[in-house]
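Q: Dropping in model20.cif, with mmCIF, C-alpha atoms.
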```
data_coords
#
loop_
_atom_site.label_atom_id
_atom_site.label_comp_id
_atom_site.auth_asym_id
_atom_site.auth_seq_id
_atom_site.Cartn_x
_atom_site.Cartn_y
_atom_site.Cartn_z
CA MET A 1 5.47 -12.45 1.98
CA GLU A 2 2.04 -11.15 2.90
CA VAL A 3 0.66 -10.28 6.33
CA LYS A 4 -2.97 -9.45 7.08
CA TRP A 5 -4.56 -9.04 10.46
CA GLY A 6 -7.71 -7.90 12.16
CA PRO A 7 -9.56 -8.01 15.49
CA ILE A 8 -12.02 -10.86 16.02
CA LYS A 9 -15.39 -10.50 17.68
CA GLY A 10 -16.85 -13.69 19.12
CA LYS A 11 -15.45 -17.14 18.57
CA PHE A 12 -12.63 -17.70 16.10
CA SER A 13 -12.77 -20.70 13.79
CA HIS A 14 -9.64 -21.75 11.90
CA SER A 15 -11.55 -24.07 9.59
CA ALA A 16 -14.08 -21.35 8.64
CA HIS A 17 -11.30 -18.91 7.77
CA LEU A 18 -9.45 -21.57 5.81
CA LYS A 19 -12.61 -22.29 3.84
CA ARG A 20 -13.04 -18.61 3.06
CA LEU A 21 -9.43 -18.32 1.97
CA SER A 22 -9.77 -21.44 -0.15
CA ALA A 23 -12.90 -20.09 -1.87
CA LEU A 24 -11.19 -16.74 -2.51
CA HIS A 25 -8.11 -18.36 -4.03
CA ARG A 26 -10.23 -20.67 -6.21
CA LYS A 27 -12.25 -17.72 -7.49
CA THR A 28 -9.45 -15.25 -8.14
CA LEU A 29 -6.31 -17.31 -8.72
CA GLN A 30 -7.72 -20.72 -9.70
CA LYS A 31 -5.60 -22.32 -6.99
CA THR A 32 -6.61 -24.89 -4.42
CA VAL A 33 -5.68 -24.17 -0.85
CA THR A 34 -5.24 -27.22 1.34
CA GLU A 35 -4.67 -27.62 5.04
CA TRP A 36 -1.03 -28.18 5.90
CA GLN A 37 0.65 -29.74 8.91
CA LEU A 38 3.14 -27.18 10.16
CA PRO A 39 6.80 -28.16 10.59
CA PHE A 40 7.77 -28.79 14.19
CA GLU A 41 10.04 -25.69 14.32
CA TRP A 42 7.19 -23.45 13.16
CA GLU A 43 4.91 -24.85 15.86
CA ILE A 44 7.50 -24.08 18.53
CA ALA A 45 8.07 -20.56 17.16
CA LEU A 46 4.32 -19.89 17.27
CA SER A 47 3.54 -21.69 20.50
CA ASP A 48 1.82 -18.61 22.00
CA TYR A 49 -0.89 -18.68 19.33
CA GLN A 50 -3.61 -21.01 18.11
CA VAL A 51 -2.21 -21.97 14.73
CA SER A 52 -3.29 -23.69 11.54
CA GLY A 53 -1.26 -24.05 8.36
CA PHE A 54 -2.18 -24.04 4.70
CA THR A 55 -0.46 -24.44 1.38
CA TRP A 56 -1.16 -23.96 -2.33
CA GLN A 57 0.73 -24.56 -5.54
CA GLY A 58 0.92 -22.33 -8.60
CA GLN A 59 2.70 -23.00 -11.89
CA THR A 60 5.99 -21.54 -10.73
CA THR A 61 5.31 -20.54 -7.13
CA ILE A 62 4.45 -22.34 -3.94
CA GLY A 63 2.57 -20.62 -1.15
CA GLN A 64 2.82 -21.64 2.48
CA GLY A 65 1.16 -19.83 5.29
CA VAL A 66 -0.28 -19.81 8.76
CA ILE A 67 -3.44 -18.48 10.33
CA LEU A 68 -2.75 -17.32 13.86
CA TYR A 69 -5.17 -16.40 16.58
CA CYS A 70 -4.07 -14.79 19.80
CA PRO A 71 -6.63 -15.44 22.59
CA SER A 72 -5.26 -12.64 24.80
CA CYS A 73 -5.56 -9.74 22.31
CA ARG A 74 -8.20 -11.42 20.10
CA ASN A 75 -6.31 -10.61 16.90
CA ALA A 76 -6.21 -13.01 13.97
CA THR A 77 -3.28 -12.86 11.57
CA LEU A 78 -2.64 -14.47 8.22
CA ILE A 79 0.98 -14.80 7.13
CA GLN A 80 1.76 -16.14 3.69
CA PHE A 81 5.17 -16.90 2.19
CA PHE A 82 5.58 -17.10 -1.58
CA GLN A 83 8.54 -19.07 -2.87
CA PRO A 84 9.61 -20.18 -6.35
CA LYS A 85 9.29 -23.91 -6.83
CA SER A 86 12.98 -24.18 -7.72
CA ILE A 87 14.29 -22.42 -4.61
CA GLN A 88 12.61 -23.44 -1.41
CA THR A 89 14.00 -22.51 1.93
CA ALA A 90 12.28 -22.94 5.26
CA LYS A 91 14.93 -20.96 7.12
CA ILE A 92 13.81 -17.40 6.30
CA PRO A 93 10.09 -17.96 7.10
CA LEU A 94 11.09 -19.57 10.39
CA GLU A 95 13.31 -16.62 11.33
CA ILE A 96 10.45 -14.22 10.55
CA LEU A 97 7.90 -16.24 12.49
CA LYS A 98 10.20 -16.41 15.51
CA THR A 99 10.13 -12.60 15.71
CA PHE A 100 6.39 -12.26 15.16
CA ASN A 101 4.45 -10.51 17.91
CA ASP A 102 0.94 -9.13 17.52
CA HIS A 103 0.68 -7.20 20.77
CA ARG A 104 2.85 -5.69 23.46
CA GLU A 105 2.76 -6.73 27.09
CA ASP A 106 2.32 -3.17 28.40
CA ASP A 107 -1.14 -2.30 26.96
CA GLN A 108 0.42 -0.01 24.38
CA VAL A 109 0.17 -0.12 20.60
CA VAL A 110 3.01 0.80 18.26
CA TRP A 111 1.77 2.85 15.31
CA CYS A 112 4.13 3.16 12.39
CA ALA A 113 3.10 4.91 9.17
CA PHE A 114 5.51 6.16 6.50
CA ASP A 115 8.24 7.87 8.53
CA ILE A 116 6.48 8.36 11.86
CA ARG A 117 6.37 6.02 14.81
CA ALA A 118 4.40 6.44 18.01
CA ILE A 119 3.38 4.37 21.00
CA ILE A 120 -0.21 5.01 22.07
CA PRO A 121 -2.20 3.40 24.91
CA GLU A 122 -4.33 0.51 23.73
CA ASN A 123 -7.61 2.15 24.78
CA TYR A 124 -7.08 4.98 22.25
CA LYS A 125 -8.43 3.85 18.89
CA LEU A 126 -7.45 5.36 15.56
CA VAL A 127 -10.47 7.38 14.39
CA ASN A 128 -9.05 9.38 11.50
CA HIS A 129 -5.89 9.86 9.50
CA ARG A 130 -4.62 12.16 6.76
CA PHE A 131 -1.45 11.75 4.77
CA GLU A 132 -0.96 14.81 2.61
CA ALA A 133 2.29 15.89 1.01
CA GLY A 134 4.00 17.88 3.75
CA LYS A 135 1.52 17.12 6.53
CA TYR A 136 0.53 13.91 8.24
CA GLU A 137 -2.11 13.63 10.92
CA LEU A 138 -3.26 10.69 13.02
CA ARG A 139 -6.24 11.07 15.35
CA PHE A 140 -6.92 8.79 18.28
CA ALA A 141 -9.79 8.83 20.76
CA ASP A 142 -10.80 6.85 23.81
CA GLY A 143 -14.31 8.28 24.22
CA VAL A 144 -13.25 10.90 26.77
CA GLN A 145 -10.06 12.37 25.38
CA LYS A 146 -8.50 12.73 21.97
CA ILE A 147 -4.89 12.63 20.88
CA ASN A 148 -3.73 14.05 17.57
CA LEU A 149 -0.27 13.41 16.18
CA TYR A 150 1.15 15.71 13.51
CA ARG A 151 4.18 15.69 11.29
CA TRP A 152 5.22 18.52 8.99
CA ALA A 153 8.05 18.53 6.44
CA PRO A 154 10.36 19.96 5.20
CA ALA A 155 11.07 21.92 8.37
CA SER A 156 13.87 23.92 6.74
CA VAL A 157 11.30 25.53 4.42
CA LEU A 158 8.53 25.92 7.01
CA LEU A 159 10.91 27.59 9.46
CA ARG A 160 12.82 29.68 6.89
CA GLN A 161 11.66 33.13 7.95
CA ARG A 162 10.08 32.32 11.28
CA ASP A 163 10.81 30.34 14.39
CA LEU A 164 8.84 27.46 15.83
CA ARG A 165 6.71 29.76 17.95
CA GLN A 166 5.65 31.78 14.91
CA PHE A 167 4.93 28.54 13.07
CA ALA A 168 2.75 27.47 16.01
CA GLU A 169 0.78 30.70 15.64
CA THR A 170 -0.55 29.42 12.31
CA MET A 171 -2.48 26.67 14.11
CA PRO A 172 -6.23 27.33 14.24
CA ASP A 173 -6.57 26.65 18.01
CA PHE A 174 -3.60 28.79 18.85
CA SER A 175 -4.98 32.32 19.04
CA SER A 176 -6.28 32.22 22.61
CA CYS A 177 -3.21 30.59 24.15
CA ASN A 178 0.17 31.87 25.15
CA PRO A 179 2.88 29.44 24.07
CA THR A 180 6.26 29.06 25.70
CA ALA A 181 9.41 28.18 23.81
CA GLU A 182 11.55 25.62 25.58
CA ILE A 183 14.30 23.12 24.98
CA ILE A 184 12.84 19.67 25.63
CA GLN A 185 15.11 16.64 25.36
CA GLY A 186 17.66 18.75 23.52
CA ARG A 187 15.21 19.93 20.88
CA GLN A 188 13.58 23.29 20.24
CA ALA A 189 9.99 23.00 21.35
CA VAL A 190 6.90 25.11 21.89
CA LYS A 191 4.10 24.13 24.20
CA TRP A 192 0.88 25.66 25.35
CA SER A 193 -2.27 24.57 27.08
CA GLN A 194 -5.75 25.75 27.83
CA ILE A 195 -7.37 24.84 31.13
CA PRO A 196 -10.56 26.39 32.55
CA ARG A 197 -9.48 28.84 35.27
CA PHE A 198 -12.22 28.48 37.85
CA LYS A 199 -13.80 25.51 39.46
CA TRP A 200 -17.27 26.32 38.12
CA LEU A 201 -15.81 26.66 34.60
CA ARG A 202 -14.16 23.28 34.94
CA TRP A 203 -17.48 21.81 35.98
CA ALA A 204 -19.35 23.60 33.19
CA SER A 205 -16.80 22.42 30.63
CA ARG A 206 -18.23 18.90 30.91
CA LEU A 207 -21.53 20.18 29.57
CA LYS A 208 -20.00 22.10 26.66
CA PRO A 209 -20.00 20.42 23.25
CA LYS A 210 -16.42 21.53 22.56
CA PRO A 211 -13.46 20.31 24.66
CA SER A 212 -12.26 22.90 27.16
CA TYR A 213 -8.94 21.28 27.98
CA GLN A 214 -6.26 21.54 25.33
CA TRP A 215 -2.61 20.73 25.39
CA TRP A 216 -0.11 21.18 22.56
CA ARG A 217 3.55 20.49 22.06
CA LEU A 218 5.51 21.02 18.85
CA TRP A 219 9.18 20.25 18.45
CA HIS A 220 11.74 20.51 15.70
CA VAL A 221 13.63 17.34 14.73
CA GLU A 222 16.48 19.10 13.00
CA GLU A 223 18.41 16.06 11.77
CA LYS A 224 15.32 14.68 10.03
CA ASN A 225 14.09 18.06 8.78
CA ARG A 226 10.70 17.51 10.40
CA ILE A 227 8.38 19.21 12.87
CA LEU A 228 6.45 16.87 15.12
CA GLY A 229 3.41 17.83 17.12
CA VAL A 230 1.09 16.31 19.71
CA LYS A 231 -2.29 17.73 20.62
CA MET A 232 -4.48 16.37 23.37
CA HIS A 233 -7.95 17.69 23.97
CA GLY A 234 -10.93 16.67 26.00
CA LYS A 235 -13.42 17.71 28.64
CA ARG A 236 -11.40 16.42 31.58
CA PRO A 237 -7.88 17.13 32.87
CA PHE A 238 -5.01 15.21 31.31
CA ASP A 239 -2.54 12.85 32.84
CA SER A 240 0.79 14.69 32.44
CA TYR A 241 2.72 11.42 32.70
CA LEU A 242 0.80 10.06 29.71
CA LEU A 243 1.43 13.24 27.69
CA ASN A 244 5.15 13.11 28.33
CA ARG A 245 5.32 9.42 27.49
CA ILE A 246 3.50 9.94 24.17
CA CYS A 247 5.80 12.83 23.24
CA THR A 248 8.92 10.89 24.22
CA ASN A 249 7.93 7.88 22.12
CA TYR A 250 6.74 9.87 19.11
CA GLU A 251 9.55 10.03 16.58
CA SER A 252 10.42 10.49 12.95
CA LEU A 253 12.25 7.52 11.43
CA MET B 254 -28.87 8.50 -33.20
CA LYS B 255 -27.39 8.12 -29.81
CA VAL B 256 -28.35 11.02 -27.60
CA PHE B 257 -26.20 10.09 -24.65
CA LYS B 258 -23.11 9.09 -26.51
CA LYS B 259 -20.14 8.22 -24.37
CA LYS B 260 -17.28 10.66 -24.65
CA PRO B 261 -14.15 9.06 -26.07
CA LYS B 262 -11.51 8.58 -23.41
CA GLY B 263 -8.40 10.74 -23.64
CA ILE B 264 -4.90 9.37 -23.76
CA GLN B 265 -4.44 7.07 -20.79
CA THR B 266 -0.93 7.27 -19.33
CA THR B 267 0.33 4.86 -16.73
CA ARG B 268 2.23 6.08 -13.69
CA GLU B 269 5.49 4.61 -15.03
CA GLU B 270 5.06 6.32 -18.39
CA ALA B 271 4.24 9.64 -16.75
CA LEU B 272 7.33 9.46 -14.54
CA LYS B 273 9.52 8.86 -17.60
CA CYS B 274 8.26 12.00 -19.35
CA ILE B 275 10.42 15.10 -19.54
CA PRO B 276 8.66 18.36 -18.58
CA VAL B 277 9.32 21.28 -20.92
CA LYS B 278 8.58 24.93 -20.19
CA ASN B 279 6.27 26.90 -22.46
CA ILE B 280 8.39 29.24 -24.64
CA GLN B 281 5.77 32.01 -24.43
CA ILE B 282 6.22 32.59 -20.72
CA SER B 283 8.62 34.95 -19.00
CA GLU B 284 9.94 34.62 -15.49
CA SER B 285 11.49 37.03 -13.03
CA ARG B 286 13.07 36.42 -9.67
CA LEU B 287 12.16 38.26 -6.47
CA GLU B 288 14.69 39.27 -3.82
CA SER B 289 13.55 36.34 -1.72
CA GLY B 290 14.57 34.00 -4.53
CA GLU B 291 11.00 33.10 -5.42
CA ILE B 292 9.95 33.19 -9.04
CA ILE B 293 7.11 35.09 -10.72
CA ILE B 294 5.92 33.58 -13.98
CA ARG B 295 4.06 35.73 -16.51
CA TYR B 296 2.05 33.82 -19.06
CA PRO B 297 -0.44 34.79 -21.75
CA THR B 298 -4.02 33.54 -21.64
CA THR B 299 -6.87 34.00 -24.05
CA MET B 300 -9.41 36.48 -22.76
CA ARG B 301 -12.93 35.14 -22.32
CA PRO B 302 -15.12 36.27 -25.25
CA TRP B 303 -17.63 38.04 -23.02
CA ILE B 304 -14.88 39.99 -21.24
CA ALA B 305 -13.29 40.91 -24.60
CA GLY B 306 -16.74 42.03 -25.82
CA LEU B 307 -17.29 44.10 -22.68
CA VAL B 308 -13.88 45.77 -23.04
CA LYS B 309 -14.67 46.56 -26.67
CA ARG B 310 -18.06 48.08 -25.78
CA LEU B 311 -16.45 50.21 -23.10
CA GLY B 312 -14.12 51.62 -25.73
CA GLY B 313 -11.03 49.67 -24.76
CA PRO B 314 -8.47 48.32 -27.21
CA PRO B 315 -9.43 45.07 -29.01
CA VAL B 316 -7.22 42.78 -26.91
CA LYS B 317 -7.70 39.05 -27.14
CA THR B 318 -4.94 37.92 -24.82
CA GLN B 319 -4.04 38.98 -21.32
CA ILE B 320 -0.94 38.40 -19.26
CA LYS B 321 -1.41 36.57 -15.97
CA LYS B 322 1.07 36.28 -13.13
CA LEU B 323 1.85 33.32 -10.94
CA GLN B 324 4.13 33.62 -7.94
CA LEU B 325 5.72 30.36 -6.83
CA ASP B 326 6.59 29.65 -3.22
CA GLU B 327 9.94 28.25 -2.17
CA LEU B 328 9.12 24.63 -2.93
CA GLY B 329 7.45 25.55 -6.22
CA THR B 330 10.53 27.57 -7.18
CA ALA B 331 12.75 24.59 -6.32
CA VAL B 332 10.75 22.32 -8.64
CA TRP B 333 10.55 25.00 -11.35
CA ASN B 334 14.35 25.38 -11.28
CA LEU B 335 14.72 21.62 -11.76
CA ILE B 336 12.78 21.72 -15.02
CA ASP B 337 15.61 22.02 -17.53
CA ASP B 338 14.32 20.12 -20.61
CA ASN B 339 16.65 17.20 -19.73
CA ARG B 340 15.46 15.77 -16.42
CA SER B 341 12.52 13.40 -16.38
CA VAL B 342 9.72 13.74 -13.82
CA ARG B 343 11.22 10.84 -11.88
CA GLN B 344 14.64 12.50 -11.75
CA ILE B 345 13.10 15.77 -10.58
CA ILE B 346 11.28 13.89 -7.81
CA GLN B 347 14.51 12.19 -6.74
CA VAL B 348 16.50 15.44 -6.59
CA PHE B 349 13.63 17.19 -4.78
CA ALA B 350 13.29 14.37 -2.23
CA GLU B 351 17.04 14.29 -1.55
CA SER B 352 17.41 18.05 -1.25
CA HIS B 353 14.51 18.34 1.23
CA ARG B 354 15.06 14.97 2.95
CA LEU B 355 11.58 13.79 2.08
CA GLN B 356 10.34 10.28 1.44
CA MET B 357 10.08 9.38 -2.24
CA ARG B 358 6.36 8.77 -2.13
CA GLU B 359 5.66 12.08 -0.43
CA ALA B 360 7.91 13.96 -2.86
CA GLU B 361 6.22 12.20 -5.78
CA VAL B 362 2.76 13.30 -4.68
CA ALA B 363 3.88 16.90 -4.11
CA VAL B 364 5.84 17.24 -7.36
CA THR B 365 3.27 15.55 -9.59
CA GLN B 366 0.43 17.63 -8.12
CA PHE B 367 2.42 20.79 -8.74
CA MET B 368 3.26 19.76 -12.31
CA HIS B 369 -0.36 18.89 -12.93
CA GLU B 370 -1.29 22.42 -11.84
CA LEU B 371 1.39 23.94 -14.09
CA GLY B 372 0.17 21.78 -16.98
CA LYS B 373 -3.44 22.91 -16.50
CA ARG B 374 -2.29 26.54 -16.84
CA GLY B 375 -0.27 25.67 -19.94
CA LEU B 376 3.07 26.57 -18.36
CA ILE B 377 4.67 23.22 -19.05
CA GLY B 378 4.15 20.29 -21.35
CA LEU B 379 5.38 16.71 -21.11
CA ARG B 380 7.65 15.27 -23.77
#
```
Would you kindly transcribe this structure into C-alpha cells?

A:
Amino acid sequence: MEVKWGPIKGKFSHSAHLKRLSALHRKTLQKTVTEWQLPFEWEIALSDYQVSGFTWQGQTTIGQGVILYCPSCRNATLIQFFQPKSIQTAKIPLEILKTFNDHREDDQVVWCAFDIRAIIPENYKLVNHRFEAGKYELRFADGVQKINLYRWAPASVLLRQRDLRQFAETMPDFSSCNPTAEIIQGRQAVKWSQIPRFKWLRWASRLKPKPSYQWWRLWHVEEKNRILGVKMHGKRPFDSYLLNRICTNYESL
Amino acid sequence: MKVFKKKPKGIQTTREEALKCIPVKNIQISESRLESGEIIIRYPTTMRPWIAGLVKRLGGPPVKTQIKKLQLDELGTAVWNLIDDNRSVRQIIQVFAESHRLQMREAEVAVTQFMHELGKRGLIGLR
C-alpha cells in the first residue's frame, strides 16, 4: 500500500492528476494507468471526499487506487493498493479506506514521527525538523509564536549522574532563568519561563529582534526511557491553556 | 595523458553487507577502565614527519610512533564492550537498542557512526 498527500492551492482537477500519474507510470514502470469505476462499497466509505479511481496491471501485480480531494481541508491524497494477481481481496482495502481521515474536526493536527506523537494547532506549520541519534526536534511557527518539541534518549544515561534540573541547565537558553522541579501528571518535570517584568519592557519586546517571552517544560517518561521537552517562544504572552494542552498530548510511543 | 583522471572508486559496500560484518578490535591497542566504568583506549599512531623532524632537531629521541588516548563515554563503552569478535554489527545494534530501549533505526545510526569513527582511528576493523 502507498499513501501520498499534499495541500492543494487553487482548483483541484482529478483528470489532470490522473494524467500526470499515468505519464509517470508509463515513463518509469512501463505501465498504463486507466481510470477505474470504484466499487459501490468504496464510494460509500469515501463519501466525504471527491473521489476518482484508477487501476494498472503489471506482470504479477495489480494496482488499484483512489485519488481523494477533501474540499474542507484542501488536501489531496493518493492511496494505492498493490496485490498479486493470484490473490485479490477487496476486503482489506475497504477496511483501510473506511478508517481514512485526512483532518481532524477540532482544528488540530496530529504529528507522528518515529516514536513521538503530538497534537498541534492547525495554524502552527512545521518549519524545521532534526532527527539525530539521541535527539529529535520539531519546530512549528504561526508567524507570531514558535513551538519546539524535543525528545532525548536514552534518559537512563542522560540522567545517570544528574537530575532533570541539572540536565535542563545544559540548555543554551537556560542560564538566565530559574527552573522549578515539579511533579506534573505523575512525572518528574522541570519548567521555567522568561517574561519581561515591566510594562515598558513588554511593549519594547515587540520591537526586539529576539523573542522576549520564553516558556519551557521538560519531563521524564521513565517507562519509555525518554525525556520530552516543549519550548514556546515569541514576542507576545502565551496562552497557558494551549501550552498545557500541547504538553498533555505530547507523548513517546 | 589524462590530467584530470578520475580516481578509482574504493570498495562499495551495501548497507546489508556492512551490517553482516563482524567488528574486530586492533590487537595493538590497550584499554583500561576508569572508576566510573568508562573505558580509556590507548592506541599507537605514526607521528607526522614534520613533527618527528622537529623533535629530532630539538634533540629528542628518534620516535616515529606516539601513543594517543581516547576516552569513551557511557554509550561508547557499552558498544565497545559488545565488540567481542563474534557479534556482527547488526547483532550489536540489536543488543544496544534493547538495552537502552531505543528504536532500531536510531540505534543503527548511533552505533554505525561510532564504529565509523573507531574505524577511522584504526581501532577496529570489519571482518

Q: Please evaluate the PyMOL selection byres ((chain A and resi 74) around 10) against the structure above and give the resulting residues as a list in words.

A: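 Taken on the displayed file, the PyMOL selection byres ((chain A and resi 74) around 10) yields the residues Gly6, Pro7, Ile8, Lys9, Gly10, Lys11, Phe12, Tyr69, Cys70, Pro71, Ser72, Cys73, Asn75, Ala76, Thr77, Asp102 and His103 of chain A.
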
Q: Quick check: residues of chain A within 12 Å of chain B, all atoms listed in the file, returned as a ChimeraX atom specification.

A: /A:113-116,131-136,151-161,222-226,252-253

Q: So, counting only C-alpha atoms, which residue among A:Asp107, A:Asp48, A:Glu35, A:Glu41 is closest to Lys19 of chain A?

A: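 Answer, going by the shortest atom-to-atom distance: A:Glu35.
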
Q: Taking all atoms of segment 89-94 of chain A that the file lists and extending 5 Å past them on each side, where is the centre of the axis-aligned box and how long are its edges? Answer in Å to one decimal, as JSON.

A:
```
{"center_x": 12.5, "center_y": -20.2, "center_z": 6.2, "size_x": 14.8, "size_y": 15.5, "size_z": 18.5}
```

Q: Just the number, please: distance in Å from atom CA of Leu97 of chain A to atom CA of Gln57 of chain A, one decimal.

A: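 These atoms are spaced 21.1 Å apart.
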
Q: Counting only C-alpha atoms, which of B:Leu323, B:Ile377, B:Val342, B:Ile336 gets nearest to Glu284 of chain B?

A: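 For Glu284 of chain B, the nearest of the given residues is B:Leu323.
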
Q: Quick one: distance from atom CA of Gly290 of chain B to atom CA of Arg162 of chain A in Å, one decimal?

A: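 Taking atom CA of Gly290 of chain B and atom CA of Arg162 of chain A, their separation equals 16.5 Å.
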
Q: Report, in Å with one decimal, the straight-line distance from atom CA of Gly234 of chain A to atom CA of Asp142 of chain A.

A: 10.1 Å

Q: Looking at only C-alpha atoms, which of A:Lys125, A:Leu94, A:Leu68, A:Glu2 is the one that sits closest to Phe82 of chain A?

A: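 Checking each of A:Lys125, A:Leu94, A:Leu68, A:Glu2 against Phe82 of chain A, counting only C-alpha atoms, the winner is A:Glu2.
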
Q: Quick one: which residues end up in the PyMOL selection byres ((chain A and resi 185) around 12) for this structure, as a list in words?

A: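 Matching residues under the PyMOL selection byres ((chain A and resi 185) around 12) are Glu182, Ile183, Ile184, Gly186, Arg187, Gln188, Ala189, Trp219, His220, Val221, Asn244, Cys247, Thr248 and Asn249 of chain A.
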